[in-house]
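**Q** Sharing a structure below in structure tokens format, with a few things to ask.
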There are 2 protein chains.
Amino acid sequence: MSSTLFTHGLVITSDGSRPVIEDGAVLVEDATIAGVGSTTELRGSVADRVIDLGGRILMPGFVNTHTHLAGTITRGLVEDVTTGEYLEKIWPIEALGIANGWFNAGERLAMAEHLLAGITTANDMFFDPASALRNASEIGFRLLAGTVYLDFPGPDGLSPEQRSAELAGLLVEFGTDPLVQVTTAPHGGYTVGPGHLQAIWRDAEANDLLFHIHAAESKEEDATIRERYGHRPVEHLGAVGVLGERTVLAHAIRLDDSDLDLVADTGTAVAHCPISNLKTVSGICRVDDMLSRRIRVGLGTDGGTASNDYDMFAVMRAAATLGKYSTQRPQSFTAREIVGLATIGGASALGMDDRIGSITEGKRADMIVVDTSAPHNVPMFDPFTTLVYQAGRTDVTHVMVHGRLLIERRVFADLDTEAVVAEAVKAGRDITAELSGRDSD
Amino acid sequence: MSSTLFTHGLVITSDGSRPVIEDGAVLVEDATIAGVGSTTELRGSVADRVIDLGGRILMPGFVNTHTHLAGTITRGLVEDVTTGEYLEKIWPIEALGIANGWFNAGERLAMAEHLLAGITTANDMFFDPASALRNASEIGFRLLAGTVYLDFPGPDGLSPEQRSAELAGLLVEFGTDPLVQVTTAPHGGYTVGPGHLQAIWRDAEANDLLFHIHAAESKEEDATIRERYGHRPVEHLGAVGVLGERTVLAHAIRLDDSDLDLVADTGTAVAHCPISNLKTVSGICRVDDMLSRRIRVGLGTDGGTASNDYDMFAVMRAAATLGKYSTQRPQSFTAREIVGLATIGGASALGMDDRIGSITEGKRADMIVVDTSAPHNVPMFDPFTTLVYQAGRTDVTHVMVHGRLLIERRVFADLDTEAVVAEAVKAGRDITAELSGRDSD
């Protein structure tokens, strides 16, 4: 058994029973948080290694509830276009990417970026999930990923039958992995028909998997589903029978009160992606009305092609400021609540709050250290305010996932970041060359 | 004469005649940009020092068109309250700060933070401008600051006559300084009466100074001015006669079409502060309608008590995403336009585009280097997109103001950042002690 004792930290637990511990300490044994208290309370603990935090913040790693990891590799390629134009342009590029193997570099890049920014868990949706899960397992990143379903072949060219077979294979390969988790990820209610959604839902139920789906994001989606089924997008998913505690709705913007009640009544969760939603001109999620209905809400970055980077500090600030603006109540969305959404809220939305999302004895040790000594972080009157409105990803110094200290003093112990960046840069050059070659055909 | 030659950079000029120079070079002689071109074109240049940028971005420093520097020191102290409650709480604290000398530390902290984040010019509004101007002059920061006018004494306790005398003193002390610039900064149309505004305007005209004023920000301000004068806030300023090319309106949110026409017709400029405007639930500035009227618009962080930190990368992203959302056109607010607003747009709004805001021969050498090799910045298909949606303040490696290289490889040449942070932390502790002492009285 290996053990680490963190001492003299400002411990933000995201655990309601003791939210902040001044001069706090946390004992980690193997993958598990074995003790939480003040440094004095834990002074009798024995550990292989003691890390003196010198007053820095120790907190749960961030949970990214909706993303497309491999999208790092094509970010910035299709900008300033409508959703329709975007899909028209990006899907052929994604097909090329799958054919040319660009996305492996994108997955590794995204995981490095997530971890460096203090995000220890992500809920991914992209083609070839086995590749992402293998990379995560190797790097030590807590990843949820699974088969992406479409009624039509999609950029990877798979038929619905091949997708079902893919899921079965994922369960064999990763079903008992303690770090990564297989999901189902139907693309959306406008790209997957009712019968197909129900078949996926049965697979998800039979294997106790998350059902991760885009819902109520764009105007185009809304119009398509209304025309085709006579329902609003979330209402449609309810009628099809795929709302419930295993369902995570990405975006969930265009909800009226009855949709909100339906989401609440079915125990469905929401992944709120405020930066993506503004950038794609989709709208503003009614997070306040969700929280007042006790709907589980987590925060998400969305993918690199939509909102470019994977920075939960930026997402927290957007969620806070946009939340205040949209309610017209500056008292709403306190920094403490926002940090909660980014940690335990996300864990809860993914059905993982029994294992991660807070610094609680018995949970997995997914934790980060945030240094608040840079000029932009001082003085600090309230650590939650500093985290949401001042701190940034480069203030994260240490990152531990599943008890393994992946990053110390901003440097990976085992991952060669320069090689990851070099692979990504090379893939970017290949993409440019391939596209300019095709343009000139 | 000292000279520096930057070579092998990706030069983003913000100069319309040659916006991007691949493998570019810039020659600086004393305070002035003496040559701009490709590295090949400038290979005959002789310089004391050659800095090989190795492909990093060289661009104009950011221009922060509206801020309250000293507010760093009280940021995070009053959060989650309405504007009315905020002013009620913050002004007594500011009075204490002036009495106790806390704001000197805040000014120095804010300047360090600005420069580390690549902001080379700021337009400040705070009490005791002489202190800010002295600190800027010593640190090497390009600062615009001047007398803050109120009809009532305000936190500094000065009468209108004492404020007039203060302005005269500032002009004597800083009137010929090549780096810093004296302004007039009447607080707002609801805190300074028409006659007083006109007197300040005459002083501004007589001395050719900027007229920097909060306008059309909060609902409360709007209601007060409508009730008192029967006009909307900007309409009121027009009626009083204080709109014109020297006027910079901070925020300018609550404008109808006729207000926009008035701002355009008078040549008035706008400081757009999107993060502050959302956080204080003030609203969304109609930037698109301003730009289509050719109104000069720059970006601003606002002050630390309103929006906490001073990060133009965060402001650019907010301006871009909120701009797209508010127009409902994803084609609007391209990354290239946003970088323009943050540099030459800001310089133009402050009436300084003859001297700063672009990398143009003959202008002052206010430039920054941005390293785009971190995982979050690759691959780079378009440098403007990377700057707006991925890069962050810690990617800024070099900062030059007025030809002086203040920061190299993220470290100040002459400023002891640790001492600046320590002073700020001490001031923060003093504030906490003072306030808890008063609370317990």
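Please note that chains go A, B, ... in the order of the structure tokens, that every chain numbers its residues from 1, and that ligands are numbered from 1 in the order shown.
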Looking only at alpha helix (DSSP H) from DSSP on the backbone, list the matching residues of segment 3-186 of chain A as a PyMOL selection string.

**A** chain A and resi 83-100+103-116+129-139+160-174

**Q** Applying 10 Å and only C-alpha atoms, which residues near Thr247 of chain B remain after dropping the ones on its own chain fewer than 6 positions away? List them as number ranges by chain.

**A** B: 184-185, 201, 204, 209-213, 263, 266-270, 349-351

**Q** Compile the residues of chain B that lie within 8 Å of chain A, evaluated using only C-alpha atoms, and express the compilation as a PDB file with N, CA and C atoms, in the first residue's frame.

**A**
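File produced: iface00.pdb:
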ATOM      1  N   THR B  72      -7.976  46.268  -6.850  1.00  0.00           N
ATOM      2  CA  THR B  72      -7.399  44.949  -6.573  1.00  0.00           C
ATOM      3  C   THR B  72      -7.430  44.629  -5.096  1.00  0.00           C
ATOM      4  N   ILE B  73      -7.187  45.653  -4.295  1.00  0.00           N
ATOM      5  CA  ILE B  73      -6.907  45.399  -2.884  1.00  0.00           C
ATOM      6  C   ILE B  73      -8.173  45.066  -2.094  1.00  0.00           C
ATOM      7  N   THR B  74      -9.330  45.398  -2.651  1.00  0.00           N
ATOM      8  CA  THR B  74     -10.592  45.069  -1.966  1.00  0.00           C
ATOM      9  C   THR B  74     -11.417  44.068  -2.776  1.00  0.00           C
ATOM     10  N   ARG B  75     -10.820  43.464  -3.796  1.00  0.00           N
ATOM     11  CA  ARG B  75     -11.606  42.527  -4.612  1.00  0.00           C
ATOM     12  C   ARG B  75     -11.981  41.285  -3.795  1.00  0.00           C
ATOM     13  N   GLY B  76     -13.200  40.834  -4.022  1.00  0.00           N
ATOM     14  CA  GLY B  76     -13.666  39.657  -3.304  1.00  0.00           C
ATOM     15  C   GLY B  76     -14.271  39.970  -1.943  1.00  0.00           C
ATOM     16  N   LEU B  77     -14.214  41.236  -1.555  1.00  0.00           N
ATOM     17  CA  LEU B  77     -14.689  41.611  -0.212  1.00  0.00           C
ATOM     18  C   LEU B  77     -16.196  41.816  -0.198  1.00  0.00           C
ATOM     19  N   ASP B  80     -21.833  39.279  -4.595  1.00  0.00           N
ATOM     20  CA  ASP B  80     -23.198  38.732  -4.592  1.00  0.00           C
ATOM     21  C   ASP B  80     -24.215  39.698  -3.995  1.00  0.00           C
ATOM     22  N   VAL B  81     -24.064  40.979  -4.315  1.00  0.00           N
ATOM     23  CA  VAL B  81     -25.012  41.983  -3.820  1.00  0.00           C
ATOM     24  C   VAL B  81     -25.451  42.871  -4.984  1.00  0.00           C
ATOM     25  N   THR B  82     -26.543  43.590  -4.789  1.00  0.00           N
ATOM     26  CA  THR B  82     -27.011  44.522  -5.815  1.00  0.00           C
ATOM     27  C   THR B  82     -26.088  45.742  -5.869  1.00  0.00           C
ATOM     28  N   LEU B 109       0.040  46.319  -7.307  1.00  0.00           N
ATOM     29  CA  LEU B 109      -0.414  44.963  -7.610  1.00  0.00           C
ATOM     30  C   LEU B 109      -1.122  44.934  -8.961  1.00  0.00           C
ATOM     31  N   ALA B 110      -2.026  45.887  -9.163  1.00  0.00           N
ATOM     32  CA  ALA B 110      -2.799  45.908 -10.413  1.00  0.00           C
ATOM     33  C   ALA B 110      -1.891  46.115 -11.620  1.00  0.00           C
ATOM     34  N   ALA B 112       1.311  45.281 -11.865  1.00  0.00           N
ATOM     35  CA  ALA B 112       2.040  44.022 -12.081  1.00  0.00           C
ATOM     36  C   ALA B 112       1.134  43.021 -12.784  1.00  0.00           C
ATOM     37  N   GLU B 113      -0.112  42.948 -12.324  1.00  0.00           N
ATOM     38  CA  GLU B 113      -1.064  41.995 -12.906  1.00  0.00           C
ATOM     39  C   GLU B 113      -1.374  42.340 -14.363  1.00  0.00           C
ATOM     40  N   ILE B 275     -17.517  41.282 -18.931  1.00  0.00           N
ATOM     41  CA  ILE B 275     -17.558  40.414 -17.744  1.00  0.00           C
ATOM     42  C   ILE B 275     -18.204  41.160 -16.584  1.00  0.00           C
ATOM     43  N   LEU B 278     -22.058  41.499 -17.034  1.00  0.00           N
ATOM     44  CA  LEU B 278     -22.835  40.307 -16.696  1.00  0.00           C
ATOM     45  C   LEU B 278     -22.858  40.115 -15.182  1.00  0.00           C
ATOM     46  N   LYS B 279     -21.675  40.251 -14.574  1.00  0.00           N
ATOM     47  CA  LYS B 279     -21.583  39.931 -13.137  1.00  0.00           C
ATOM     48  C   LYS B 279     -22.433  40.881 -12.302  1.00  0.00           C
ATOM     49  N   THR B 280     -22.462  42.151 -12.704  1.00  0.00           N
ATOM     50  CA  THR B 280     -23.259  43.125 -11.944  1.00  0.00           C
ATOM     51  C   THR B 280     -24.702  43.165 -12.449  1.00  0.00           C
ATOM     52  N   VAL B 281     -25.070  42.222 -13.276  1.00  0.00           N
ATOM     53  CA  VAL B 281     -26.403  42.074 -13.897  1.00  0.00           C
ATOM     54  C   VAL B 281     -26.855  43.357 -14.586  1.00  0.00           C
ATOM     55  N   SER B 282     -25.908  44.103 -15.144  1.00  0.00           N
ATOM     56  CA  SER B 282     -26.257  45.379 -15.767  1.00  0.00           C
ATOM     57  C   SER B 282     -26.853  45.204 -17.158  1.00  0.00           C
ATOM     58  N   GLY B 283     -26.320  44.280 -17.944  1.00  0.00           N
ATOM     59  CA  GLY B 283     -26.883  44.076 -19.273  1.00  0.00           C
ATOM     60  C   GLY B 283     -25.818  43.802 -20.301  1.00  0.00           C
ATOM     61  N   SER B 307     -15.244  43.134 -11.105  1.00  0.00           N
ATOM     62  CA  SER B 307     -15.037  41.907 -11.878  1.00  0.00           C
ATOM     63  C   SER B 307     -13.700  41.246 -11.556  1.00  0.00           C
ATOM     64  N   ASN B 308     -13.119  41.614 -10.439  1.00  0.00           N
ATOM     65  CA  ASN B 308     -12.068  40.863  -9.757  1.00  0.00           C
ATOM     66  C   ASN B 308     -10.678  40.866 -10.380  1.00  0.00           C
ATOM     67  N   ASP B 309     -10.529  40.381 -11.609  1.00  0.00           N
ATOM     68  CA  ASP B 309      -9.157  40.374 -12.107  1.00  0.00           C
ATOM     69  C   ASP B 309      -9.026  41.199 -13.382  1.00  0.00           C
ATOM     70  N   TYR B 310      -7.833  41.245 -13.925  1.00  0.00           N
ATOM     71  CA  TYR B 310      -7.494  42.153 -15.012  1.00  0.00           C
ATOM     72  C   TYR B 310      -6.893  41.304 -16.124  1.00  0.00           C
ATOM     73  N   ALA B 314      -9.534  36.895 -20.982  1.00  0.00           N
ATOM     74  CA  ALA B 314     -10.893  36.545 -20.531  1.00  0.00           C
ATOM     75  C   ALA B 314     -11.915  37.532 -21.086  1.00  0.00           C
ATOM     76  N   ALA B 320     -16.363  38.156 -27.393  1.00  0.00           N
ATOM     77  CA  ALA B 320     -16.629  37.373 -28.602  1.00  0.00           C
ATOM     78  C   ALA B 320     -17.881  36.512 -28.440  1.00  0.00           C
ATOM     79  N   THR B 321     -17.932  35.743 -27.362  1.00  0.00           N
ATOM     80  CA  THR B 321     -19.044  34.798 -27.200  1.00  0.00           C
ATOM     81  C   THR B 321     -20.348  35.546 -26.942  1.00  0.00           C
ATOM     82  N   LEU B 322     -20.281  36.569 -26.106  1.00  0.00           N
ATOM     83  CA  LEU B 322     -21.487  37.343 -25.802  1.00  0.00           C
ATOM     84  C   LEU B 322     -21.924  38.139 -27.027  1.00  0.00           C
ATOM     85  N   LYS B 324     -21.474  37.269 -30.213  1.00  0.00           N
ATOM     86  CA  LYS B 324     -22.130  36.331 -31.143  1.00  0.00           C
ATOM     87  C   LYS B 324     -23.547  36.022 -30.648  1.00  0.00           C
ATOM     88  N   TYR B 325     -23.647  35.703 -29.354  1.00  0.00           N
ATOM     89  CA  TYR B 325     -24.961  35.360 -28.799  1.00  0.00           C
ATOM     90  C   TYR B 325     -25.950  36.521 -28.964  1.00  0.00           C
ATOM     91  N   SER B 326     -25.498  37.729 -28.642  1.00  0.00           N
ATOM     92  CA  SER B 326     -26.450  38.841 -28.619  1.00  0.00           C
ATOM     93  C   SER B 326     -26.902  39.244 -30.018  1.00  0.00           C
ATOM     94  N   GLN B 328     -27.123  36.934 -32.356  1.00  0.00           N
ATOM     95  CA  GLN B 328     -27.650  35.673 -32.904  1.00  0.00           C
ATOM     96  C   GLN B 328     -27.041  35.360 -34.274  1.00  0.00           C
ATOM     97  N   ARG B 329     -25.866  35.906 -34.510  1.00  0.00           N
ATOM     98  CA  ARG B 329     -25.148  35.595 -35.745  1.00  0.00           C
ATOM     99  C   ARG B 329     -23.756  35.091 -35.398  1.00  0.00           C
ATOM    100  N   PRO B 330     -23.515  33.784 -35.561  1.00  0.00           N
ATOM    101  CA  PRO B 330     -22.192  33.258 -35.223  1.00  0.00           C
ATOM    102  C   PRO B 330     -21.084  33.834 -36.095  1.00  0.00           C
ATOM    103  N   GLN B 331     -21.473  34.423 -37.235  1.00  0.00           N
ATOM    104  CA  GLN B 331     -20.469  35.032 -38.112  1.00  0.00           C
ATOM    105  C   GLN B 331     -19.941  36.344 -37.536  1.00  0.00           C
ATOM    106  N   SER B 332     -20.687  36.925 -36.589  1.00  0.00           N
ATOM    107  CA  SER B 332     -20.278  38.232 -36.061  1.00  0.00           C
ATOM    108  C   SER B 332     -19.129  38.070 -35.071  1.00  0.00           C
ATOM    109  N   THR B 334     -15.704  38.109 -35.231  1.00  0.00           N
ATOM    110  CA  THR B 334     -14.637  37.151 -35.503  1.00  0.00           C
ATOM    111  C   THR B 334     -13.490  37.393 -34.531  1.00  0.00           C
ATOM    112  N   SER B 373       2.852  27.425 -27.393  1.00  0.00           N
ATOM    113  CA  SER B 373       3.278  26.023 -27.418  1.00  0.00           C
ATOM    114  C   SER B 373       2.659  25.174 -26.311  1.00  0.00           C
ATOM    115  N   ALA B 374       1.895  25.785 -25.401  1.00  0.00           N
ATOM    116  CA  ALA B 374       1.267  24.987 -24.334  1.00  0.00           C
ATOM    117  C   ALA B 374       0.195  24.083 -24.947  1.00  0.00           C
ATOM    118  N   PRO B 375      -0.116  22.968 -24.275  1.00  0.00           N
ATOM    119  CA  PRO B 375      -1.132  22.051 -24.834  1.00  0.00           C
ATOM    120  C   PRO B 375      -2.435  22.751 -25.216  1.00  0.00           C
ATOM    121  N   HIS B 376      -2.885  23.728 -24.432  1.00  0.00           N
ATOM    122  CA  HIS B 376      -4.177  24.354 -24.742  1.00  0.00           C
ATOM    123  C   HIS B 376      -4.122  25.216 -26.007  1.00  0.00           C
ATOM    124  N   VAL B 378      -2.455  24.324 -28.981  1.00  0.00           N
ATOM    125  CA  VAL B 378      -2.135  23.599 -30.224  1.00  0.00           C
ATOM    126  C   VAL B 378      -3.277  22.686 -30.610  1.00  0.00           C
ATOM    127  N   PRO B 379      -3.355  22.308 -31.913  1.00  0.00           N
ATOM    128  CA  PRO B 379      -2.674  22.942 -33.035  1.00  0.00           C
ATOM    129  C   PRO B 379      -3.250  24.334 -33.287  1.00  0.00           C
ATOM    130  N   MET B 380      -2.537  25.147 -34.023  1.00  0.00           N
ATOM    131  CA  MET B 380      -2.974  26.520 -34.285  1.00  0.00           C
ATOM    132  C   MET B 380      -3.269  26.661 -35.782  1.00  0.00           C
ATOM    133  N   PHE B 381      -4.549  26.721 -36.112  1.00  0.00           N
ATOM    134  CA  PHE B 381      -4.926  26.904 -37.529  1.00  0.00           C
ATOM    135  C   PHE B 381      -5.053  28.381 -37.866  1.00  0.00           C
ATOM    136  N   ASP B 382      -5.365  29.182 -36.844  1.00  0.00           N
ATOM    137  CA  ASP B 382      -5.525  30.620 -37.039  1.00  0.00           C
ATOM    138  C   ASP B 382      -5.105  31.304 -35.746  1.00  0.00           C
ATOM    139  N   THR B 385      -7.885  33.080 -33.566  1.00  0.00           N
ATOM    140  CA  THR B 385      -8.749  32.157 -32.827  1.00  0.00           C
ATOM    141  C   THR B 385      -8.037  31.636 -31.587  1.00  0.00           C
ATOM    142  N   THR B 386      -6.771  31.268 -31.756  1.00  0.00           N
ATOM    143  CA  THR B 386      -6.006  30.780 -30.614  1.00  0.00           C
ATOM    144  C   THR B 386      -5.926  31.849 -29.529  1.00  0.00           C
ATOM    145  N   TYR B 389      -9.711  32.301 -27.999  1.00  0.00           N
ATOM    146  CA  TYR B 389     -10.448  31.183 -27.395  1.00  0.00           C
ATOM    147  C   TYR B 389      -9.585  30.175 -26.653  1.00  0.00           C
ATOM    148  N   GLN B 390      -8.265  30.297 -26.702  1.00  0.00           N
ATOM    149  CA  GLN B 390      -7.446  29.287 -26.066  1.00  0.00           C
ATOM    150  C   GLN B 390      -6.335  29.883 -25.196  1.00  0.00           C
ATOM    151  N   THR B 394      -1.039  33.689 -18.829  1.00  0.00           N
ATOM    152  CA  THR B 394       0.281  33.139 -18.508  1.00  0.00           C
ATOM    153  C   THR B 394       1.050  32.687 -19.743  1.00  0.00           C
ATOM    154  N   THR B 417       8.191  41.288  -7.865  1.00  0.00           N
ATOM    155  CA  THR B 417       6.784  40.858  -7.806  1.00  0.00           C
ATOM    156  C   THR B 417       6.444  40.272  -6.442  1.00  0.00           C
ATOM    157  N   VAL B 420       5.643  43.006  -4.158  1.00  0.00           N
ATOM    158  CA  VAL B 420       4.335  43.591  -4.496  1.00  0.00           C
ATOM    159  C   VAL B 420       3.210  42.710  -3.937  1.00  0.00           C
ATOM    160  N   VAL B 421       3.351  41.403  -4.129  1.00  0.00           N
ATOM    161  CA  VAL B 421       2.337  40.472  -3.623  1.00  0.00           C
ATOM    162  C   VAL B 421       2.304  40.518  -2.089  1.00  0.00           C
ATOM    163  N   ALA B 424       0.467  43.469  -0.852  1.00  0.00           N
ATOM    164  CA  ALA B 424      -0.981  43.324  -1.079  1.00  0.00           C
ATOM    165  C   ALA B 424      -1.586  42.365  -0.064  1.00  0.00           C
ATOM    166  N   VAL B 425      -0.883  41.286   0.205  1.00  0.00           N
ATOM    167  CA  VAL B 425      -1.390  40.320   1.191  1.00  0.00           C
ATOM    168  C   VAL B 425      -1.471  40.984   2.561  1.00  0.00           C
ATOM    169  N   ALA B 427      -1.849  44.216   3.159  1.00  0.00           N
ATOM    170  CA  ALA B 427      -2.988  45.141   3.124  1.00  0.00           C
ATOM    171  C   ALA B 427      -4.298  44.377   3.298  1.00  0.00           C
ATOM    172  N   GLY B 428      -4.404  43.221   2.651  1.00  0.00           N
ATOM    173  CA  GLY B 428      -5.602  42.388   2.783  1.00  0.00           C
ATOM    174  C   GLY B 428      -5.842  41.985   4.224  1.00  0.00           C
ATOM    175  N   THR B 432      -9.005  43.036   6.656  1.00  0.00           N
ATOM    176  CA  THR B 432      -9.810  42.066   7.401  1.00  0.00           C
ATOM    177  C   THR B 432      -9.824  42.421   8.888  1.00  0.00           C
TER     178      THR B 432
END

**Q** Choose the residue, out of B:Glu41, B:Asp15, B:Leu115, B:Pro178, that has the smallest atom-to-atom separation from Val411 of chain B; count only C-alpha atoms.

**A** B:Leu115

**Q** Which residues are near His251 of chain B? Cut-off 8 Å, only C-alpha atoms, ignore same chain within fewer than 2 positions. Put them as a count of residues only.

**A** 12

**Q** List the spatial neighbours of Arg364 of chain A as a list of chain:residue names - criterion: any atom at most 8 Å away, only C-alpha atoms, same-chain residues fewer than 5 positions off excluded.

**A**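 Everything that qualifies: A:Ala31, A:Thr32, A:Ile33, A:Arg355, A:Ile356, A:Val401, A:His402, A:Gly403.
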
**Q** Might you pull out every residue within 8 Å of Glu220 of chain B, with only C-alpha atoms counted and same-chain residues fewer than 2 positions away left off, and present them as a ChimeraX atom specification?

**A** /B:83-84,218,222-224

**Q** Mind checking which residues fall within 8 Å of Val20 of chain A, counting only C-alpha atoms, ignoring those fewer than 6 positions away in the same chain, and posting them as an NGL selection string?

**A** :A and (10-13)
